[in-house]
file data-v6.txt (compact mmCIF, C-alpha atoms and all ligand atoms)
# COMPACT_ATOMS: atom_id res chain seq x y z
CA MET A 1 99.04 31.50 93.78
CA ASP A 2 96.19 29.13 93.04
CA GLY A 3 96.18 25.40 92.49
CA ASN A 4 98.24 23.94 95.34
CA GLY A 5 95.36 21.75 96.51
CA ARG A 6 94.61 20.38 93.04
CA TRP A 7 98.30 19.73 92.43
CA ALA A 8 98.37 17.55 95.54
CA ALA A 9 95.03 15.85 94.78
CA ARG A 10 96.30 14.79 91.35
CA ARG A 11 99.11 13.00 93.14
CA ASN A 12 96.83 11.54 95.82
CA ARG A 13 98.68 13.55 98.43
CA PRO A 14 97.30 15.76 101.22
CA ARG A 15 96.72 19.44 100.43
CA ALA A 16 99.55 20.44 102.76
CA ILE A 17 102.00 18.76 100.37
CA GLY A 18 100.63 20.98 97.61
CA HIS A 19 101.30 24.06 99.73
CA ARG A 20 104.84 22.88 100.35
CA ALA A 21 105.34 22.55 96.60
CA GLY A 22 103.76 26.01 96.34
CA ALA A 23 106.41 27.40 98.65
CA ARG A 24 109.11 26.10 96.28
CA ALA A 25 107.39 27.93 93.43
CA VAL A 26 107.44 31.09 95.57
CA ASN A 27 111.23 30.87 95.72
CA LEU A 28 111.43 30.33 91.98
CA CYS A 29 109.21 33.35 91.37
CA ILE A 30 111.34 35.55 93.65
CA ASP A 31 114.54 34.41 91.90
CA PHE A 32 113.00 35.16 88.50
CA CYS A 33 111.93 38.67 89.54
CA LEU A 34 115.32 39.45 91.04
CA GLU A 35 117.11 38.27 87.91
CA ARG A 36 114.88 40.40 85.69
CA GLY A 37 115.21 43.53 87.80
CA ILE A 38 111.52 43.60 88.72
CA SER A 39 111.21 46.13 91.52
CA ALA A 40 108.03 44.97 93.24
CA LEU A 41 106.44 41.56 93.67
CA THR A 42 103.27 41.03 95.69
CA LEU A 43 102.15 37.49 96.50
CA PHE A 44 98.66 36.58 97.69
CA ALA A 45 99.60 33.94 100.27
CA PHE A 46 96.49 33.81 102.43
CA SER A 47 93.20 35.62 102.06
CA SER A 48 91.00 36.82 104.89
CA GLU A 49 88.54 34.14 103.70
CA ASN A 50 91.13 31.31 103.90
CA TRP A 51 90.73 31.15 107.70
CA GLY A 52 87.53 29.21 106.95
CA ARG A 53 89.47 26.24 105.49
CA PRO A 54 89.76 22.99 107.47
CA GLU A 55 91.74 23.44 110.66
CA GLU A 56 94.37 20.96 109.55
CA GLU A 57 95.08 22.87 106.34
CA VAL A 58 95.22 26.25 108.07
CA GLY A 59 97.61 24.72 110.63
CA ALA A 60 99.85 23.36 107.87
CA LEU A 61 99.92 26.75 106.17
CA MET A 62 100.83 28.52 109.43
CA LYS A 63 103.68 26.06 109.93
CA LEU A 64 104.84 26.76 106.40
CA PHE A 65 104.74 30.54 106.93
CA MET A 66 106.62 30.28 110.20
CA GLY A 67 109.23 28.00 108.61
CA ALA A 68 109.65 30.38 105.67
CA LEU A 69 110.04 33.33 108.03
CA GLU A 70 112.69 31.46 110.01
CA ARG A 71 114.59 30.16 106.99
CA GLU A 72 114.27 32.66 104.16
CA VAL A 73 114.37 36.16 105.62
CA ASP A 74 118.15 36.39 106.18
CA GLU A 75 118.80 35.29 102.60
CA LEU A 76 116.24 37.76 101.23
CA HIS A 77 117.94 40.48 103.26
CA ARG A 78 121.34 39.47 101.88
CA ARG A 79 119.92 39.78 98.37
CA GLY A 80 118.61 43.30 98.99
CA VAL A 81 114.92 42.45 99.22
CA GLN A 82 112.60 44.55 101.36
CA VAL A 83 109.97 42.29 102.90
CA ARG A 84 106.53 43.57 103.88
CA PHE A 85 103.25 42.05 104.94
CA ILE A 86 99.85 43.44 104.11
CA GLY A 87 96.63 42.34 105.76
CA GLU A 88 95.61 41.73 109.34
CA ARG A 89 98.36 40.61 111.70
CA ALA A 90 96.45 39.77 114.86
CA PRO A 91 94.81 36.51 113.65
CA PHE A 92 98.25 34.96 113.10
CA GLY A 93 99.06 35.04 116.79
CA GLU A 94 102.02 36.55 118.55
CA ALA A 95 104.84 34.28 117.36
CA ILE A 96 104.21 34.78 113.63
CA ALA A 97 103.28 38.46 114.03
CA LYS A 98 106.57 39.05 115.86
CA ARG A 99 108.52 37.34 113.08
CA MET A 100 106.72 39.44 110.47
CA LEU A 101 107.64 42.63 112.30
CA ALA A 102 111.25 41.50 112.70
CA ALA A 103 111.50 40.66 108.97
CA GLU A 104 110.16 44.09 108.06
CA ALA A 105 112.50 45.85 110.47
CA LEU A 106 115.56 43.93 109.24
CA THR A 107 114.89 44.54 105.56
CA SER A 108 113.31 48.01 105.65
CA GLY A 109 116.36 49.73 104.15
CA ASN A 110 116.65 47.38 101.15
CA THR A 111 115.89 48.80 97.73
CA ARG A 112 116.55 46.07 95.13
CA MET A 113 113.02 44.67 95.24
CA THR A 114 109.98 45.07 97.47
CA LEU A 115 108.40 41.70 98.25
CA SER A 116 104.96 42.15 99.76
CA ILE A 117 103.22 39.14 101.18
CA ALA A 118 99.46 39.51 101.38
CA ALA A 119 98.45 37.46 104.41
CA SER A 120 94.99 37.53 105.93
CA TYR A 121 94.45 40.16 103.29
CA GLY A 122 91.26 41.19 101.52
CA GLY A 123 90.88 43.97 98.98
CA ARG A 124 87.50 45.09 100.32
CA GLN A 125 88.85 45.10 103.85
CA ASP A 126 91.78 47.23 102.59
CA ILE A 127 89.43 49.83 101.09
CA ALA A 128 87.23 49.74 104.21
CA GLN A 129 90.18 50.48 106.47
CA ALA A 130 91.16 53.43 104.23
CA ALA A 131 87.58 54.74 104.52
CA ARG A 132 87.76 54.34 108.30
CA ALA A 133 91.06 56.23 108.47
CA LEU A 134 89.57 59.08 106.43
CA ALA A 135 86.42 59.16 108.57
CA LEU A 136 88.58 59.46 111.66
CA GLU A 137 90.58 62.33 110.18
CA VAL A 138 87.35 64.15 109.31
CA ALA A 139 85.90 63.49 112.76
CA GLU A 140 89.02 64.86 114.38
CA GLY A 141 88.95 67.95 112.14
CA ARG A 142 92.18 67.10 110.32
CA MET A 143 90.45 66.82 106.94
CA ARG A 144 87.32 68.19 105.27
CA PRO A 145 84.92 65.75 103.50
CA GLU A 146 85.35 67.64 100.22
CA GLU A 147 89.08 66.90 100.35
CA ILE A 148 88.41 63.16 100.02
CA ASP A 149 89.34 62.25 96.47
CA GLU A 150 91.03 59.33 94.68
CA ALA A 151 94.45 60.46 95.82
CA ALA A 152 93.30 60.61 99.44
CA VAL A 153 91.90 57.07 99.33
CA GLY A 154 94.86 55.80 97.31
CA ALA A 155 97.26 57.12 99.91
CA ARG A 156 95.59 55.04 102.61
CA VAL A 157 95.32 51.63 100.99
CA ALA A 158 98.06 48.99 101.18
CA LEU A 159 101.23 49.53 99.14
CA ALA A 160 100.36 53.23 98.71
CA ASP A 161 104.03 54.11 98.34
CA LEU A 162 104.59 51.70 95.42
CA PRO A 163 103.54 52.22 91.81
CA PRO A 164 100.29 50.40 90.98
CA PRO A 165 100.96 46.84 89.79
CA ASP A 166 101.68 46.51 86.06
CA LEU A 167 100.84 42.83 85.78
CA PHE A 168 98.58 40.47 87.71
CA ILE A 169 99.20 36.75 87.25
CA ARG A 170 96.75 34.10 88.45
CA THR A 171 97.51 30.42 88.12
CA GLY A 172 95.01 27.56 88.47
CA GLY A 173 92.55 28.39 85.69
CA ASP A 174 90.03 30.59 87.48
CA LEU A 175 89.31 33.89 85.78
CA ARG A 176 88.73 36.21 88.71
CA ILE A 177 90.51 38.55 91.08
CA SER A 178 89.13 37.00 94.29
CA ASN A 179 89.37 40.09 96.48
CA PHE A 180 93.07 40.77 95.79
CA LEU A 181 94.29 44.37 95.45
CA LEU A 182 90.93 45.73 94.28
CA TRP A 183 91.81 49.41 94.39
CA GLN A 184 95.38 48.99 93.18
CA LEU A 185 94.51 46.79 90.16
CA ALA A 186 92.33 49.38 88.39
CA TYR A 187 94.67 49.64 85.37
CA THR A 188 96.71 46.49 85.86
CA GLU A 189 97.04 44.03 82.98
CA LEU A 190 95.49 40.68 83.94
CA TRP A 191 97.03 37.35 82.90
CA PHE A 192 95.57 33.95 83.63
CA THR A 193 96.90 30.45 83.12
CA ASP A 194 95.53 26.94 83.68
CA ARG A 195 98.88 25.83 85.06
CA LEU A 196 98.79 25.19 88.80
CA TRP A 197 100.96 27.29 91.11
CA PRO A 198 103.43 24.49 91.97
CA GLU A 199 103.97 24.01 88.22
CA LEU A 200 105.30 27.54 87.85
CA ASP A 201 108.58 27.89 86.02
CA ALA A 202 110.64 30.63 84.39
CA ASP A 203 109.18 29.89 80.94
CA LEU A 204 105.65 30.49 82.19
CA LEU A 205 106.62 33.75 83.88
CA GLN A 206 108.42 34.83 80.73
CA GLN A 207 105.26 34.04 78.70
CA ALA A 208 103.27 36.31 81.00
CA ILE A 209 105.82 39.10 80.64
CA ASP A 210 106.01 38.75 76.85
CA ASP A 211 102.23 38.93 76.64
CA PHE A 212 102.23 41.97 78.93
CA ALA A 213 104.86 43.66 76.73
CA SER A 214 102.69 43.18 73.63
CA ARG A 215 99.66 44.93 75.11
CA GLU A 216 98.73 48.53 74.55
CA ARG A 217 97.97 50.32 77.79
CA ARG A 218 95.78 53.30 77.09
CA PHE A 219 94.69 54.29 80.61
CA GLY A 220 91.36 55.50 79.22
CA LEU A 221 92.87 57.55 76.38
CA THR A 222 93.01 56.82 72.64
CA SER A 223 95.93 55.07 70.94
CA ALA A 224 96.88 58.31 69.17
CA GLN A 225 96.97 60.18 72.45
CA ARG A 226 99.05 57.50 74.11
CA SER A 227 101.59 57.51 71.29
CA GLY A 228 101.85 61.29 71.38
CA GLU A 229 100.31 61.78 67.91
CA ALA A 230 97.37 63.59 69.45
CA PRO A 231 97.32 65.77 72.52
CA ALA A 232 95.88 64.36 75.69
CA ILE A 233 93.63 66.67 77.62
CA VAL A 234 94.38 65.34 81.03
CA ASP A 235 92.64 66.71 84.03
CA LYS A 236 93.08 63.78 86.33
CA ALA A 237 95.48 61.03 85.42
CA PRO A 238 93.69 57.67 85.80
CA GLY A 239 96.79 55.53 85.60
CA PRO A 240 100.39 55.68 86.64
CA ASP A 241 102.69 58.12 84.94
CA ILE A 242 100.08 58.63 82.25
CA MET A 243 101.92 60.75 79.72
CA SER A 244 105.29 59.09 79.82
CA GLY A 245 104.38 55.57 79.38
C1 LIG B 301 95.78 28.64 96.89
O1 LIG B 301 95.75 27.33 96.33
C2 LIG B 301 96.94 28.78 97.73
C3 LIG B 301 96.92 29.13 99.05
C4 LIG B 301 95.68 29.43 99.79
C5 LIG B 301 98.15 29.20 99.84
C6 LIG B 301 99.33 29.82 99.18
C7 LIG B 301 100.53 29.47 99.95
C8 LIG B 301 101.69 29.10 99.41
C9 LIG B 301 101.98 29.10 97.96
C10 LIG B 301 102.75 28.57 100.32
C11 LIG B 301 103.72 29.42 100.96
C12 LIG B 301 103.75 30.86 100.77
C13 LIG B 301 104.66 31.65 101.40
C14 LIG B 301 104.65 33.10 101.16
C15 LIG B 301 105.69 31.05 102.30
P1 LIG B 301 94.54 26.36 96.73
O2 LIG B 301 94.93 25.63 97.94
O3 LIG B 301 93.29 27.16 96.83
O4 LIG B 301 94.50 25.40 95.50
P2 LIG B 301 93.21 24.70 94.90
O5 LIG B 301 92.40 25.77 94.25
O6 LIG B 301 93.79 23.75 93.92
O7 LIG B 301 92.50 24.01 96.03
call {"tool": "encode", "arguments": {"input": "data-v6.txt", "output": "structure tokens"}}
result
Amino acid sequence: MDGNGRWAARRNRPRAIGHRAGARAVNLCIDFCLERGISALTLFAFSSENWGRPEEEVGALMKLFMGALEREVDELHRRGVQVRFIGERAPFGEAIAKRMLAAEALTSGNTRMTLSIAASYGGRQDIAQAARALALEVAEGRMRPEEIDEAAVGARVALADLPPPDLFIRTGGDLRISNFLLWQLAYTELWFTDRLWPELDADLLQQAIDDFASRERRFGLTSAQRSGEAPAIVDKAPGPDIMSG
């Protein structure tokens, strides 16, 4: 969700106003996904590196998160959304961390859509914590080193119980992943736009989805193999649900 700061700067307003406009775009994005039957939406709200921003901006963002947690969670629950947070909780302090936990507990049984908010999240940190968990299991004799494979790592990173993301959307014109779901994005289709996050609308999201729908996802195989015209000799499936689509 990039471009809040620039959106505000273009209007000669403080960055916090851009983040507030960004929060409105978050609601629009959630509405869009619910209407289209999208089953999982993950939003990169705050990276582990964002703590280094000016104190005033971090403070404004924390206020925005707290406000959103207070205002939006009941409505999300009513609409059947399961809310989760990925990333480190402790740096947010007790009040926000408690609200996060309460939101997850309230919505844990919902199945219409999983909304994951990445907050104080970093993809490298995610992979490192999976490595640490595996090391601990080996040290405690619950696992042998030779049992560590892609599935073992994949089961210990964030969102392990969800299918890998189909589509990654980045607003704001930069063409990079910036430490988002590094492990999970291995076969995800990437889509970039110059439009700033607060400028998001349904047409833009639809453009991203139409583009996604026109792409051929081969997951390392040939076109003929993917279309079933040629057999696939699959030992280890690199992508999700490799033979069915
Ligand atoms: C990146 O834009 C955006 C952020 C670091 C914050 C994202 C937060 C929101 C959209 C608000 C609320 C979210 C929730 C889940 C309630 P930037 O500030 O880096 O923009 P710039 O590149 O133009 O400076």
call {"tool": "closest_residue", "arguments": {"input": "data-v6.txt", "among": "A:Leu196, A:Ala139, A:Ala128, A:Val81", "to": "ligand LIG 301 (chain B)", "atoms": "all atoms listed in the file"}}
result
A:Leu196
call {"tool": "residues_around", "arguments": {"input": "data-v6.txt", "residues": "Asp166 (chain A)", "least_positions_apart": "4", "cutoff": "9 Å", "atoms": "only C-alpha atoms", "output": "ChimeraX atom specification"}}
result
/A:185,187-190,212
call {"tool": "atom_distance", "arguments": {"input": "data-v6.txt", "atom1": "atom C12 of ligand LIG 301 (chain B)", "atom2": "CA of Ala25 (chain A)"}}
result
8.7 Å
call {"tool": "closest_residue", "arguments": {"input": "data-v6.txt", "among": "A:Gln184, A:Ser120, A:Gln225, A:Gln82", "to": "ligand LIG 301 (chain B)", "atoms": "only C-alpha atoms and all ligand atoms"}}
result
A:Ser120
call {"tool": "axis_aligned_box", "arguments": {"input": "data-v6.txt", "around": "region 159-162 of chain A", "padding_each_side": "5 Å", "output": "AutoDock Vina command-line options"}}
result
--center_x 102.5 --center_y 51.8 --center_z 97.3 --size_x 14.2 --size_y 14.6 --size_z 13.7
call {"tool": "residues_near_ligand", "arguments": {"input": "data-v6.txt", "ligand": "ligand LIG 301 (chain B)", "cutoff": "10 Å", "atoms": "all atoms listed in the file", "output": "NGL selection string"}}
result
:A and (1-10 or 15-27 or 42-47 or 49-51 or 53 or 57-58 or 60-69 or 72 or 85 or 115-119 or 171-174 or 196-198)
call {"tool": "closest_residue", "arguments": {"input": "data-v6.txt", "among": "A:Ala186, A:Gln206, A:Gly52, A:Ala155", "to": "Phe219 (chain A)", "atoms": "all atoms listed in the file"}}
result
A:Ala186
call {"tool": "closest_residue", "arguments": {"input": "data-v6.txt", "among": "A:Arg79, A:Arg84, A:Arg71, A:Arg112", "to": "Ile38 (chain A)", "atoms": "all atoms listed in the file"}}
result
A:Arg112
call {"tool": "atom_distance", "arguments": {"input": "data-v6.txt", "atom1": "CA of Leu175 (chain A)", "atom2": "CA of Arg89 (chain A)"}}
result
28.3 Å
call {"tool": "residues_around", "arguments": {"input": "data-v6.txt", "residues": "Leu200 (chain A)", "least_positions_apart": "4", "cutoff": "8 Å", "atoms": "all atoms listed in the file", "output": "PyMOL selection string"}}
result
chain A and resi 25+28-29+195-196+204-205
call {"tool": "atom_distance", "arguments": {"input": "data-v6.txt", "atom1": "CA of Gly59 (chain A)", "atom2": "CA of Arg170 (chain A)"}}
result
24.1 Å
